[in-house]
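Coordinates from model-v8.tsv are shown below (TSV, C-alpha atoms).
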chain	number	residue	atom	x	y	z
H	1	MET	CA	102.70	71.54	19.69
H	2	SER	CA	102.32	67.77	19.58
H	3	LEU	CA	103.40	65.91	16.46
H	4	VAL	CA	100.73	64.29	14.27
H	5	GLN	CA	100.65	60.53	14.80
H	6	ASN	CA	98.74	57.54	13.51
H	7	HIS	CA	96.03	56.24	15.82
H	8	ILE	CA	94.53	52.75	15.53
H	9	ARG	CA	91.87	51.79	18.07
H	10	LEU	CA	90.06	48.59	17.15
H	11	THR	CA	88.00	45.74	18.53
H	12	LEU	CA	87.17	42.76	16.34
H	13	PRO	CA	86.03	39.25	17.40
H	14	ARG	CA	88.13	36.46	15.90
H	15	ALA	CA	87.74	32.70	16.19
H	16	ASP	CA	90.36	32.27	18.93
H	17	PHE	CA	90.63	35.75	20.48
H	18	LEU	CA	89.22	39.25	20.63
H	19	LEU	CA	91.34	41.81	18.81
H	20	ASN	CA	91.49	44.77	21.17
H	21	VAL	CA	94.18	47.38	20.51
H	22	ASP	CA	94.68	51.09	21.05
H	23	LEU	CA	97.88	52.12	19.26
H	24	THR	CA	99.54	55.49	18.76
H	25	LEU	CA	102.19	55.05	16.09
H	26	PRO	CA	104.75	57.27	14.34
H	27	THR	CA	103.99	58.56	10.86
H	28	THR	CA	107.47	57.81	9.56
H	29	GLY	CA	109.66	54.73	9.13
H	30	ILE	CA	108.65	51.07	9.41
H	31	THR	CA	106.34	49.99	12.19
H	32	VAL	CA	106.50	46.21	12.57
H	33	LEU	CA	103.57	44.23	13.96
H	34	PHE	CA	105.41	41.27	15.49
H	35	GLY	CA	104.19	38.05	17.07
H	36	VAL	CA	103.36	34.41	16.49
H	37	SER	CA	100.83	33.33	13.87
H	38	GLY	CA	97.27	33.96	15.02
H	39	SER	CA	98.13	36.88	17.33
H	40	GLY	CA	96.11	39.49	15.41
H	41	LYS	CA	98.77	41.15	13.26
H	42	THR	CA	97.11	40.67	9.89
H	43	SER	CA	93.69	41.53	11.33
H	44	ILE	CA	95.04	44.99	12.22
H	45	LEU	CA	96.51	45.41	8.74
H	46	ARG	CA	93.26	44.40	7.03
H	47	CYS	CA	91.25	46.79	9.20
H	48	VAL	CA	93.61	49.65	8.35
H	49	ALA	CA	93.15	48.77	4.67
H	50	GLY	CA	89.36	48.65	5.05
H	51	LEU	CA	89.27	44.99	4.01
H	52	GLU	CA	87.72	44.10	7.38
H	53	ARG	CA	85.55	46.25	9.55
H	54	GLY	CA	86.31	46.26	13.24
H	55	LYS	CA	84.83	48.81	15.62
H	56	GLY	CA	86.82	51.88	16.57
H	57	LEU	CA	89.03	54.50	14.98
H	58	VAL	CA	91.63	54.50	12.20
H	59	ARG	CA	93.35	57.86	11.79
H	60	MET	CA	96.40	58.13	9.59
H	61	GLY	CA	98.08	61.46	10.23
H	62	GLY	CA	95.44	64.11	9.69
H	63	ASP	CA	93.07	61.82	7.75
H	64	VAL	CA	90.34	59.78	9.45
H	65	TRP	CA	89.55	56.58	7.55
H	66	GLN	CA	87.21	55.10	10.14
H	67	ASP	CA	85.40	56.51	13.16
H	68	ASN	CA	82.45	54.56	14.50
H	69	ALA	CA	81.52	57.42	16.82
H	70	ARG	CA	80.90	59.56	13.72
H	71	LYS	CA	79.57	56.66	11.58
H	72	LEU	CA	82.46	57.21	9.19
H	73	PHE	CA	84.02	54.43	7.13
H	74	GLN	CA	86.14	55.02	4.02
H	75	PRO	CA	86.04	52.03	1.63
H	76	THR	CA	89.35	50.48	0.61
H	77	TRP	CA	89.42	52.11	-2.81
H	78	LYS	CA	89.27	55.56	-1.20
H	79	ARG	CA	92.17	54.90	1.17
H	80	PRO	CA	95.56	56.04	-0.22
H	81	ILE	CA	97.36	52.79	0.54
H	82	GLY	CA	99.60	50.28	-1.16
H	83	TYR	CA	99.11	46.66	-0.07
H	84	VAL	CA	101.66	43.86	-0.52
H	85	PHE	CA	100.42	40.36	0.29
H	86	GLN	CA	102.32	37.17	1.14
H	87	GLU	CA	101.94	36.06	-2.46
H	88	ALA	CA	102.91	38.56	-5.15
H	89	SER	CA	99.56	38.05	-6.99
H	90	LEU	CA	100.81	39.46	-10.28
H	91	PHE	CA	98.61	39.35	-13.38
H	92	GLU	CA	100.02	36.43	-15.33
H	93	HIS	CA	98.68	37.70	-18.69
H	94	LEU	CA	100.68	40.94	-18.32
H	95	ASN	CA	104.44	41.40	-18.34
H	96	VAL	CA	106.17	43.30	-15.54
H	97	GLN	CA	105.67	46.63	-17.34
H	98	GLY	CA	101.95	45.87	-17.69
H	99	ASN	CA	101.60	44.99	-14.01
H	100	LEU	CA	103.26	48.24	-13.01
H	101	GLU	CA	101.10	50.26	-15.42
H	102	TYR	CA	98.04	48.72	-13.77
H	103	GLY	CA	99.18	50.08	-10.41
H	104	LEU	CA	99.67	53.48	-12.00
H	105	ARG	CA	96.16	53.48	-13.51
H	106	ARG	CA	94.67	52.49	-10.15
H	107	SER	CA	96.13	55.63	-8.61
H	108	GLY	CA	94.17	57.79	-11.04
H	109	LYS	CA	97.43	59.54	-11.95
H	110	LYS	CA	98.38	57.60	-15.08
H	111	HIS	CA	100.25	60.61	-16.49
H	112	ASP	CA	102.37	61.03	-13.36
H	113	ARG	CA	105.08	58.40	-13.69
H	114	HIS	CA	107.48	59.81	-11.10
H	115	ALA	CA	106.51	57.41	-8.30
H	116	LEU	CA	106.62	54.43	-10.68
H	117	ASP	CA	110.00	55.35	-12.13
H	118	GLU	CA	111.37	55.91	-8.62
H	119	ALA	CA	110.07	52.50	-7.49
H	120	VAL	CA	111.61	50.76	-10.51
H	121	GLU	CA	114.98	52.32	-9.74
H	122	LEU	CA	114.84	51.75	-5.98
H	123	LEU	CA	113.89	48.09	-6.36
H	124	GLY	CA	116.34	47.41	-9.21
H	125	ILE	CA	113.80	45.90	-11.62
H	126	ALA	CA	114.38	47.94	-14.80
H	127	HIS	CA	115.91	44.88	-16.49
H	128	LEU	CA	112.79	42.84	-15.71
H	129	LEU	CA	110.19	45.11	-17.34
H	130	GLN	CA	109.60	42.93	-20.43
H	131	ARG	CA	109.56	39.62	-18.58
H	132	ALA	CA	106.45	37.57	-17.86
H	133	PRO	CA	105.69	36.89	-14.18
H	134	GLN	CA	106.25	33.17	-14.79
H	135	ALA	CA	109.90	33.92	-15.66
H	136	LEU	CA	110.61	35.67	-12.35
H	137	SER	CA	112.08	34.25	-9.16
H	138	GLY	CA	110.06	34.54	-5.96
H	139	GLY	CA	112.17	37.46	-4.79
H	140	GLU	CA	111.81	39.24	-8.13
H	141	ARG	CA	108.02	38.76	-8.08
H	142	GLN	CA	107.79	40.38	-4.65
H	143	ARG	CA	109.96	43.29	-5.74
H	144	VAL	CA	107.60	43.85	-8.67
H	145	ALA	CA	104.59	43.59	-6.34
H	146	ILE	CA	106.09	46.23	-4.04
H	147	ALA	CA	106.85	48.51	-7.01
H	148	ARG	CA	103.24	48.11	-8.22
H	149	ALA	CA	101.96	49.11	-4.77
H	150	LEU	CA	104.26	52.16	-4.75
H	151	ALA	CA	103.10	53.19	-8.22
H	152	ALA	CA	99.68	54.00	-6.73
H	153	HIS	CA	101.20	56.98	-4.85
H	154	PRO	CA	100.27	55.57	-1.41
H	155	GLN	CA	100.39	57.60	1.78
H	156	LEU	CA	100.91	54.33	3.66
H	157	LEU	CA	102.45	51.03	2.51
H	158	LEU	CA	101.06	47.86	4.11
H	159	LEU	CA	103.13	44.68	3.90
H	160	ASP	CA	101.66	41.39	5.14
H	161	GLU	CA	104.57	38.96	5.65
H	162	PRO	CA	105.89	39.67	2.15
H	163	MET	CA	108.68	37.09	2.52
H	164	ALA	CA	106.73	34.27	4.16
H	165	SER	CA	106.46	32.31	0.92
H	166	LEU	CA	110.13	32.72	-0.02
H	167	ASP	CA	112.98	30.35	0.74
H	168	LEU	CA	115.96	31.54	2.78
H	169	ALA	CA	118.05	32.50	-0.25
H	170	ARG	CA	115.24	34.61	-1.74
H	171	ARG	CA	114.64	36.30	1.63
H	172	HIS	CA	118.29	37.32	1.81
H	173	GLU	CA	117.92	38.62	-1.75
H	174	ILE	CA	114.96	40.90	-1.01
H	175	LEU	CA	115.86	42.17	2.49
H	176	PRO	CA	118.44	44.71	1.24
H	177	TRP	CA	115.84	46.15	-1.12
H	178	LEU	CA	113.38	46.60	1.74
H	179	GLU	CA	116.11	48.28	3.79
H	180	ARG	CA	116.74	50.60	0.86
H	181	LEU	CA	113.04	51.53	0.73
H	182	ARG	CA	113.06	52.27	4.46
H	183	ASP	CA	116.13	54.49	4.19
H	184	GLN	CA	115.26	56.36	0.98
H	185	LEU	CA	111.46	56.69	0.87
H	186	ALA	CA	109.39	59.06	2.97
H	187	ILE	CA	106.39	56.69	2.84
H	188	PRO	CA	105.56	55.15	6.24
H	189	MET	CA	105.12	51.37	6.30
H	190	LEU	CA	103.13	48.98	8.46
H	191	TYR	CA	104.85	45.59	8.25
H	192	VAL	CA	103.60	42.25	9.55
H	193	THR	CA	106.08	39.48	10.40
H	194	HIS	CA	106.97	36.77	12.87
H	195	SER	CA	110.58	36.66	11.63
H	196	SER	CA	113.21	37.84	14.10
H	197	ASP	CA	115.60	38.64	11.23
H	198	GLU	CA	113.09	40.93	9.51
H	199	LEU	CA	112.21	42.54	12.84
H	200	SER	CA	115.81	43.40	13.73
H	201	ARG	CA	116.83	44.53	10.24
H	202	LEU	CA	113.78	46.54	9.18
H	203	ALA	CA	111.87	47.87	12.18
H	204	ASP	CA	112.04	51.40	13.50
H	205	HIS	CA	109.03	51.00	15.80
H	206	VAL	CA	107.60	47.69	17.07
H	207	VAL	CA	104.23	46.46	18.30
H	208	VAL	CA	104.44	43.02	19.95
H	209	MET	CA	101.13	41.18	19.57
H	210	ASP	CA	99.79	38.26	21.61
H	211	LYS	CA	96.24	36.86	21.44
H	212	GLY	CA	94.80	40.05	20.01
H	213	GLN	CA	96.53	42.35	22.51
H	214	ALA	CA	99.47	44.70	22.04
H	215	ILE	CA	101.65	43.63	24.97
H	216	ALA	CA	104.54	45.99	24.19
H	217	THR	CA	105.28	48.94	21.91
H	218	GLY	CA	108.41	51.01	21.39
H	219	SER	CA	111.57	51.46	19.36
H	220	VAL	CA	113.21	48.32	17.99
H	221	GLU	CA	116.21	48.91	20.28
H	222	ASP	CA	114.03	49.03	23.39
H	223	ILE	CA	111.73	46.16	22.44
H	224	LEU	CA	114.52	43.73	21.54
H	225	THR	CA	116.34	44.33	24.82
H	226	SER	CA	113.26	44.55	27.06
H	227	THR	CA	113.45	42.29	30.10
H	228	GLN	CA	109.76	42.78	30.92
H	229	TYR	CA	108.31	41.58	27.62
H	230	PRO	CA	111.26	40.12	25.71
H	231	ALA	CA	110.25	39.80	22.06
H	232	LEU	CA	113.04	37.30	21.44
H	233	THR	CA	114.53	34.80	23.86
H	234	GLY	CA	116.89	31.85	23.73
H	235	ASP	CA	119.07	31.63	20.62
H	236	GLU	CA	117.15	34.50	18.96
H	237	ALA	CA	117.76	37.05	21.74
H	238	SER	CA	119.63	40.01	20.28
H	239	ALA	CA	120.18	43.76	20.33
H	240	VAL	CA	120.36	46.37	17.59
H	241	LEU	CA	123.07	49.05	17.60
H	242	SER	CA	123.55	51.86	15.11
H	243	GLY	CA	127.02	53.00	14.07
H	244	VAL	CA	129.15	54.66	11.42
H	245	VAL	CA	131.79	52.97	9.26
H	246	LYS	CA	135.15	54.50	10.24
H	247	GLU	CA	137.72	52.22	8.68
H	248	LYS	CA	138.13	49.18	6.43
H	249	GLU	CA	140.75	46.43	6.59
H	250	THR	CA	140.72	45.00	3.07
H	251	GLN	CA	143.33	42.38	3.93
H	252	TRP	CA	141.00	40.83	6.51
H	253	HIS	CA	137.67	41.81	4.90
H	254	LEU	CA	136.66	43.68	8.04
H	255	ALA	CA	135.17	47.08	8.76
H	256	LYS	CA	135.50	49.13	11.93
H	257	ILE	CA	132.19	50.59	13.14
H	258	ALA	CA	131.98	53.43	15.65
H	259	VAL	CA	129.13	52.89	18.10
H	260	ARG	CA	128.35	54.71	21.32
H	261	GLY	CA	130.80	53.33	23.83
H	262	GLY	CA	133.51	52.11	21.50
H	263	LEU	CA	134.47	50.50	18.20
H	264	LEU	CA	133.43	47.18	16.70
H	265	TRP	CA	135.15	45.12	14.01
H	266	VAL	CA	132.58	43.41	11.79
H	267	ARG	CA	132.56	41.54	8.50
H	268	ASP	CA	132.79	43.99	5.59
H	269	ASP	CA	129.67	43.61	3.44
H	270	GLY	CA	130.73	46.26	0.96
H	271	PHE	CA	130.40	49.23	3.29
H	272	ASN	CA	131.47	52.76	2.46
H	273	ILE	CA	133.43	55.00	4.84
H	274	GLY	CA	130.95	57.24	6.64
H	275	GLN	CA	128.01	54.94	5.98
H	276	VAL	CA	125.47	54.56	8.78
H	277	VAL	CA	124.80	50.89	9.49
H	278	ARG	CA	122.53	48.91	11.75
H	279	LEU	CA	124.18	46.03	13.61
H	280	ARG	CA	122.37	43.04	15.07
H	281	ILE	CA	124.33	41.47	17.91
H	282	MET	CA	123.14	38.08	19.11
H	283	ALA	CA	123.16	37.60	22.87
H	284	ARG	CA	124.80	34.21	22.40
H	285	ASP	CA	127.81	35.94	20.78
H	286	VAL	CA	128.49	38.22	23.76
H	287	SER	CA	130.62	37.03	26.68
H	288	LEU	CA	131.32	38.95	29.88
H	289	SER	CA	134.32	39.49	32.12
H	290	THR	CA	135.10	41.77	35.03
H	291	ASN	CA	138.29	42.99	33.33
H	292	THR	CA	139.40	43.48	29.75
H	293	SER	CA	141.55	40.89	28.05
H	294	THR	CA	143.58	41.38	24.89
H	295	HIS	CA	144.87	37.80	24.61
H	296	THR	CA	141.71	36.36	23.08
H	297	SER	CA	140.30	35.67	19.62
H	298	ILE	CA	137.42	38.01	20.43
H	299	GLN	CA	138.61	41.46	19.35
H	300	ASN	CA	135.61	43.62	20.26
H	301	HIS	CA	135.51	44.86	23.86
H	302	LEU	CA	132.96	47.33	25.21
H	303	GLN	CA	132.76	48.53	28.80
H	304	ALA	CA	129.23	48.30	30.15
H	305	THR	CA	127.04	48.36	33.23
H	306	VAL	CA	124.68	45.53	34.18
H	307	GLU	CA	121.08	46.80	34.19
H	308	HIS	CA	119.03	43.61	34.57
H	309	ILE	CA	119.58	39.87	34.95
H	310	ILE	CA	116.67	37.57	34.09
H	311	ASN	CA	116.18	33.85	33.63
H	312	ASP	CA	116.44	32.65	30.05
H	313	ILE	CA	114.26	29.88	28.62
H	314	HIS	CA	116.35	27.26	30.51
H	315	PRO	CA	117.33	27.61	34.20
H	316	ALA	CA	120.97	26.94	33.30
H	317	GLN	CA	121.15	30.28	31.52
H	318	LYS	CA	120.69	33.96	32.25
H	319	LEU	CA	119.97	36.88	29.96
H	320	VAL	CA	121.92	39.99	31.01
H	321	ARG	CA	120.90	43.44	29.78
H	322	LEU	CA	123.84	45.84	29.57
H	323	ASN	CA	124.11	49.60	29.19
H	324	CYS	CA	126.94	50.53	26.83
H	325	ALA	CA	127.14	54.33	26.85
H	326	GLY	CA	123.37	54.59	26.54
H	327	GLN	CA	122.84	51.74	24.08
H	328	ALA	CA	121.45	48.42	25.27
H	329	LEU	CA	123.22	45.12	24.66
H	330	LEU	CA	122.28	41.58	25.69
H	331	ALA	CA	124.55	38.76	26.83
H	332	ARG	CA	123.42	35.14	27.21
H	333	ILE	CA	125.57	33.39	29.80
H	334	THR	CA	125.23	30.45	32.15
H	335	SER	CA	123.73	30.93	35.59
H	336	LYS	CA	126.98	29.56	37.03
H	337	ALA	CA	129.02	32.22	35.20
H	338	ALA	CA	126.73	34.96	36.51
H	339	HIS	CA	127.24	33.60	40.03
H	340	ASP	CA	131.00	33.14	39.71
H	341	LEU	CA	131.46	36.68	38.35
H	342	GLY	CA	129.31	38.06	41.16
H	343	LEU	CA	127.10	39.94	38.70
H	344	THR	CA	124.44	42.20	40.15
H	345	THR	CA	122.58	45.25	38.96
H	346	GLY	CA	125.13	48.05	38.65
H	347	SER	CA	128.15	45.80	38.13
H	348	THR	CA	130.78	47.12	35.73
H	349	VAL	CA	131.80	44.53	33.13
H	350	TRP	CA	133.50	44.15	29.78
H	351	ALA	CA	131.34	42.82	26.96
H	352	HIS	CA	133.31	40.78	24.43
H	353	VAL	CA	131.53	40.62	21.06
H	354	LYS	CA	132.47	38.13	18.36
H	355	ALA	CA	133.06	39.94	15.06
H	356	GLY	CA	131.65	36.97	13.16
H	357	GLY	CA	128.48	37.13	15.22
H	358	VAL	CA	127.59	40.68	14.26
H	359	GLY	CA	125.04	40.87	11.45
H	360	THR	CA	123.95	43.81	9.32
The structure in this file should be written as structure tokens.
Amino acid sequence: MSLVQNHIRLTLPRADFLLNVDLTLPTTGITVLFGVSGSGKTSILRCVAGLERGKGLVRMGGDVWQDNARKLFQPTWKRPIGYVFQEASLFEHLNVQGNLEYGLRRSGKKHDRHALDEAVELLGIAHLLQRAPQALSGGERQRVAIARALAAHPQLLLLDEPMASLDLARRHEILPWLERLRDQLAIPMLYVTHSSDELSRLADHVVVMDKGQAIATGSVEDILTSTQYPALTGDEASAVLSGVVKEKETQWHLAKIAVRGGLLWVRDDGFNIGQVVRLRIMARDVSLSTNTSTHTSIQNHLQATVEHIINDIHPAQKLVRLNCAGQALLARITSKAAHDLGLTTGSTVWAHVKAGGVGT
């Protein structure tokens, strides 16, 4: 029996391109629509929400929200969604509690406070309930906006670049809360961004958009390390590895993470033993050798096999895709180094990963 999936098939003329996508997406986790501004990401989101009307099919799990072949179109208010915009758009005449109560009333389940209470706890905003929106930081406003969307008991949460209007400090403030929602809620999310940091930290599944077309889809691990349609190149090229915290060195503020193929020392960001973590490893922080070396400041060494070697954005550099016990890793090295090491597809190498270059 095949698993139920979301299906989005749409065509919609835009000023600079024709949106034309046919997507089969998972019904769990965060699916990120990724690409440069003007690639069609938000158009897809608005069509799913019913705010714009393209031609085609929008089926979320077992529910059909649009089907032109059957002349079916559910208006926005009938679609069980929560929508978070770039700007929080809170009601300034209501305090935080009032804004959240509005979301609860919209759901038609004003006596069922479970989803609202859960959202307040998950997003850590209980201490903000009596504040006016004007007294909130940008990150706090967005957390309230997300909680208000969750209060409506949505079957799908839509987020349209929710951190685009925030400065770097506020983005770092809200990202852990979004990760917490991904890990603890069963509500699927469709998330629009052009940020490589948000992509690598939040995505489970990725759709890469370009000029109205979906040029690549797949897991975040596969999309980030793809050599056919690399989502990120140059200084942003990276890979995502999952691992488990095995040990902590409090003296050096480091944690040892078990990944497939070996162990990695990374900066301890308050991890717990046994915690599952997602690691982002920048290609620029991975060096290669044909034998292991212990007399070096780089303390992470993983044996790997070269799968692909492609040109990076400058001819002086190569991007090398590695297979580390079934997990993909990228290394950004000079073309001269690739030549001098005699690297070819199938070569066995040691990948040396800087502990300070591993992000979570």
Compile a residue-level contact table for segment 94-196 of chain H against segment 77-82 of chain H at a cut-off of 10 Å, reporting for every qualifying residue the shortest atom pair and its distance in Å to one decimal, with only C-alpha atoms counted, rows ordered by chain and ascending number, as a Markdown table.
| residue | atom | partner | partner_atom | distance |
| --- | --- | --- | --- | --- |
| H:Gly103 | CA | H:Gly82 | CA | 9.3 |
| H:Arg106 | CA | H:Trp77 | CA | 9.0 |
| H:Ser107 | CA | H:Pro80 | CA | 8.4 |
| H:Ala145 | CA | H:Gly82 | CA | 9.8 |
| H:Ile146 | CA | H:Gly82 | CA | 8.2 |
| H:Ala147 | CA | H:Gly82 | CA | 9.5 |
| H:Arg148 | CA | H:Gly82 | CA | 8.2 |
| H:Ala149 | CA | H:Gly82 | CA | 4.5 |
| H:Leu150 | CA | H:Gly82 | CA | 6.2 |
| H:Ala151 | CA | H:Gly82 | CA | 8.4 |
| H:Ala152 | CA | H:Gly82 | CA | 6.7 |
| H:His153 | CA | H:Pro80 | CA | 7.4 |
| H:Pro154 | CA | H:Ile81 | CA | 4.5 |
| H:Gln155 | CA | H:Pro80 | CA | 5.5 |
| H:Leu156 | CA | H:Ile81 | CA | 5.0 |
| H:Leu157 | CA | H:Gly82 | CA | 4.7 |
| H:Leu158 | CA | H:Gly82 | CA | 6.0 |
| H:Leu159 | CA | H:Gly82 | CA | 8.3 |
| H:Met189 | CA | H:Gly82 | CA | 9.3 |
Please build the interface table for segment 47-159 of chain H against segment 171-178 of chain H with a cut-off of 10 Å, listing for each qualifying residue the nearest atom pair and the distance in Å to one decimal; count all atoms listed in the file, order rows by chain and increasing number, and write it as JSON lines.
{"residue": "H:Leu122", "atom": "CA", "partner": "H:Trp177", "partner_atom": "CA", "distance": 7.5}
{"residue": "H:Leu123", "atom": "CA", "partner": "H:Trp177", "partner_atom": "CA", "distance": 5.9}
{"residue": "H:Gly124", "atom": "CA", "partner": "H:Trp177", "partner_atom": "CA", "distance": 8.2}
{"residue": "H:Gly138", "atom": "CA", "partner": "H:Arg171", "partner_atom": "CA", "distance": 9.0}
{"residue": "H:Gly139", "atom": "CA", "partner": "H:Ile174", "partner_atom": "CA", "distance": 5.8}
{"residue": "H:Glu140", "atom": "CA", "partner": "H:Ile174", "partner_atom": "CA", "distance": 8.0}
{"residue": "H:Gln142", "atom": "CA", "partner": "H:Ile174", "partner_atom": "CA", "distance": 8.1}
{"residue": "H:Arg143", "atom": "CA", "partner": "H:Ile174", "partner_atom": "CA", "distance": 7.3}
{"residue": "H:Ile146", "atom": "CA", "partner": "H:Leu178", "partner_atom": "CA", "distance": 9.3}
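The residue that comes closest to Glu118 of chain H, out of H:Val358, H:Leu57, H:Leu181, H:Ile309 and on the basis of all atoms listed in the file, is H:Leu181.
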Practice task
Determine, counting all atoms listed in the file, every residue of protein, DNA or RNA that lies within 12 Å of (104.1, 50.4, -15.2) in the file coordinates, then give the result as a VMD selection string.
Solution key: chain H and resid 94 to 107 109 to 120 125 to 126 128 to 130 144 to 145 147 to 152
Go ahead and save the residues from that selection, with C-alpha atoms, as a compact mmCIF listing (two decimals), in the frame of the given file.
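The resulting file, again-v2.txt, is reproduced below:
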# COMPACT_ATOMS: atom_id res chain seq x y z
CA LEU H 94 100.68 40.94 -18.32
CA ASN H 95 104.44 41.40 -18.34
CA VAL H 96 106.17 43.30 -15.54
CA GLN H 97 105.67 46.63 -17.34
CA GLY H 98 101.95 45.87 -17.69
CA ASN H 99 101.60 44.99 -14.01
CA LEU H 100 103.26 48.24 -13.01
CA GLU H 101 101.10 50.26 -15.42
CA TYR H 102 98.04 48.72 -13.77
CA GLY H 103 99.18 50.08 -10.41
CA LEU H 104 99.67 53.48 -12.00
CA ARG H 105 96.16 53.48 -13.51
CA ARG H 106 94.67 52.49 -10.15
CA SER H 107 96.13 55.63 -8.61
CA LYS H 109 97.43 59.54 -11.95
CA LYS H 110 98.38 57.60 -15.08
CA HIS H 111 100.25 60.61 -16.49
CA ASP H 112 102.37 61.03 -13.36
CA ARG H 113 105.08 58.40 -13.69
CA HIS H 114 107.48 59.81 -11.10
CA ALA H 115 106.51 57.41 -8.30
CA LEU H 116 106.62 54.43 -10.68
CA ASP H 117 110.00 55.35 -12.13
CA GLU H 118 111.37 55.91 -8.62
CA ALA H 119 110.07 52.50 -7.49
CA VAL H 120 111.61 50.76 -10.51
CA ILE H 125 113.80 45.90 -11.62
CA ALA H 126 114.38 47.94 -14.80
CA LEU H 128 112.79 42.84 -15.71
CA LEU H 129 110.19 45.11 -17.34
CA GLN H 130 109.60 42.93 -20.43
CA VAL H 144 107.60 43.85 -8.67
CA ALA H 145 104.59 43.59 -6.34
CA ALA H 147 106.85 48.51 -7.01
CA ARG H 148 103.24 48.11 -8.22
CA ALA H 149 101.96 49.11 -4.77
CA LEU H 150 104.26 52.16 -4.75
CA ALA H 151 103.10 53.19 -8.22
CA ALA H 152 99.68 54.00 -6.73
Completion exercise
Taken to one decimal, the atom CA of Val245 of chain H-atom CA of His352 of chain H distance is 19.5 Å
Problem - Separation of atom CA of Leu33 of chain H from atom CA of Val192 of chain H in Å - result: 4.8 Å
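With atom CA of Val276 of chain H on one side and atom CA of Ala164 of chain H on the other, the separation reads 28.0 Å.
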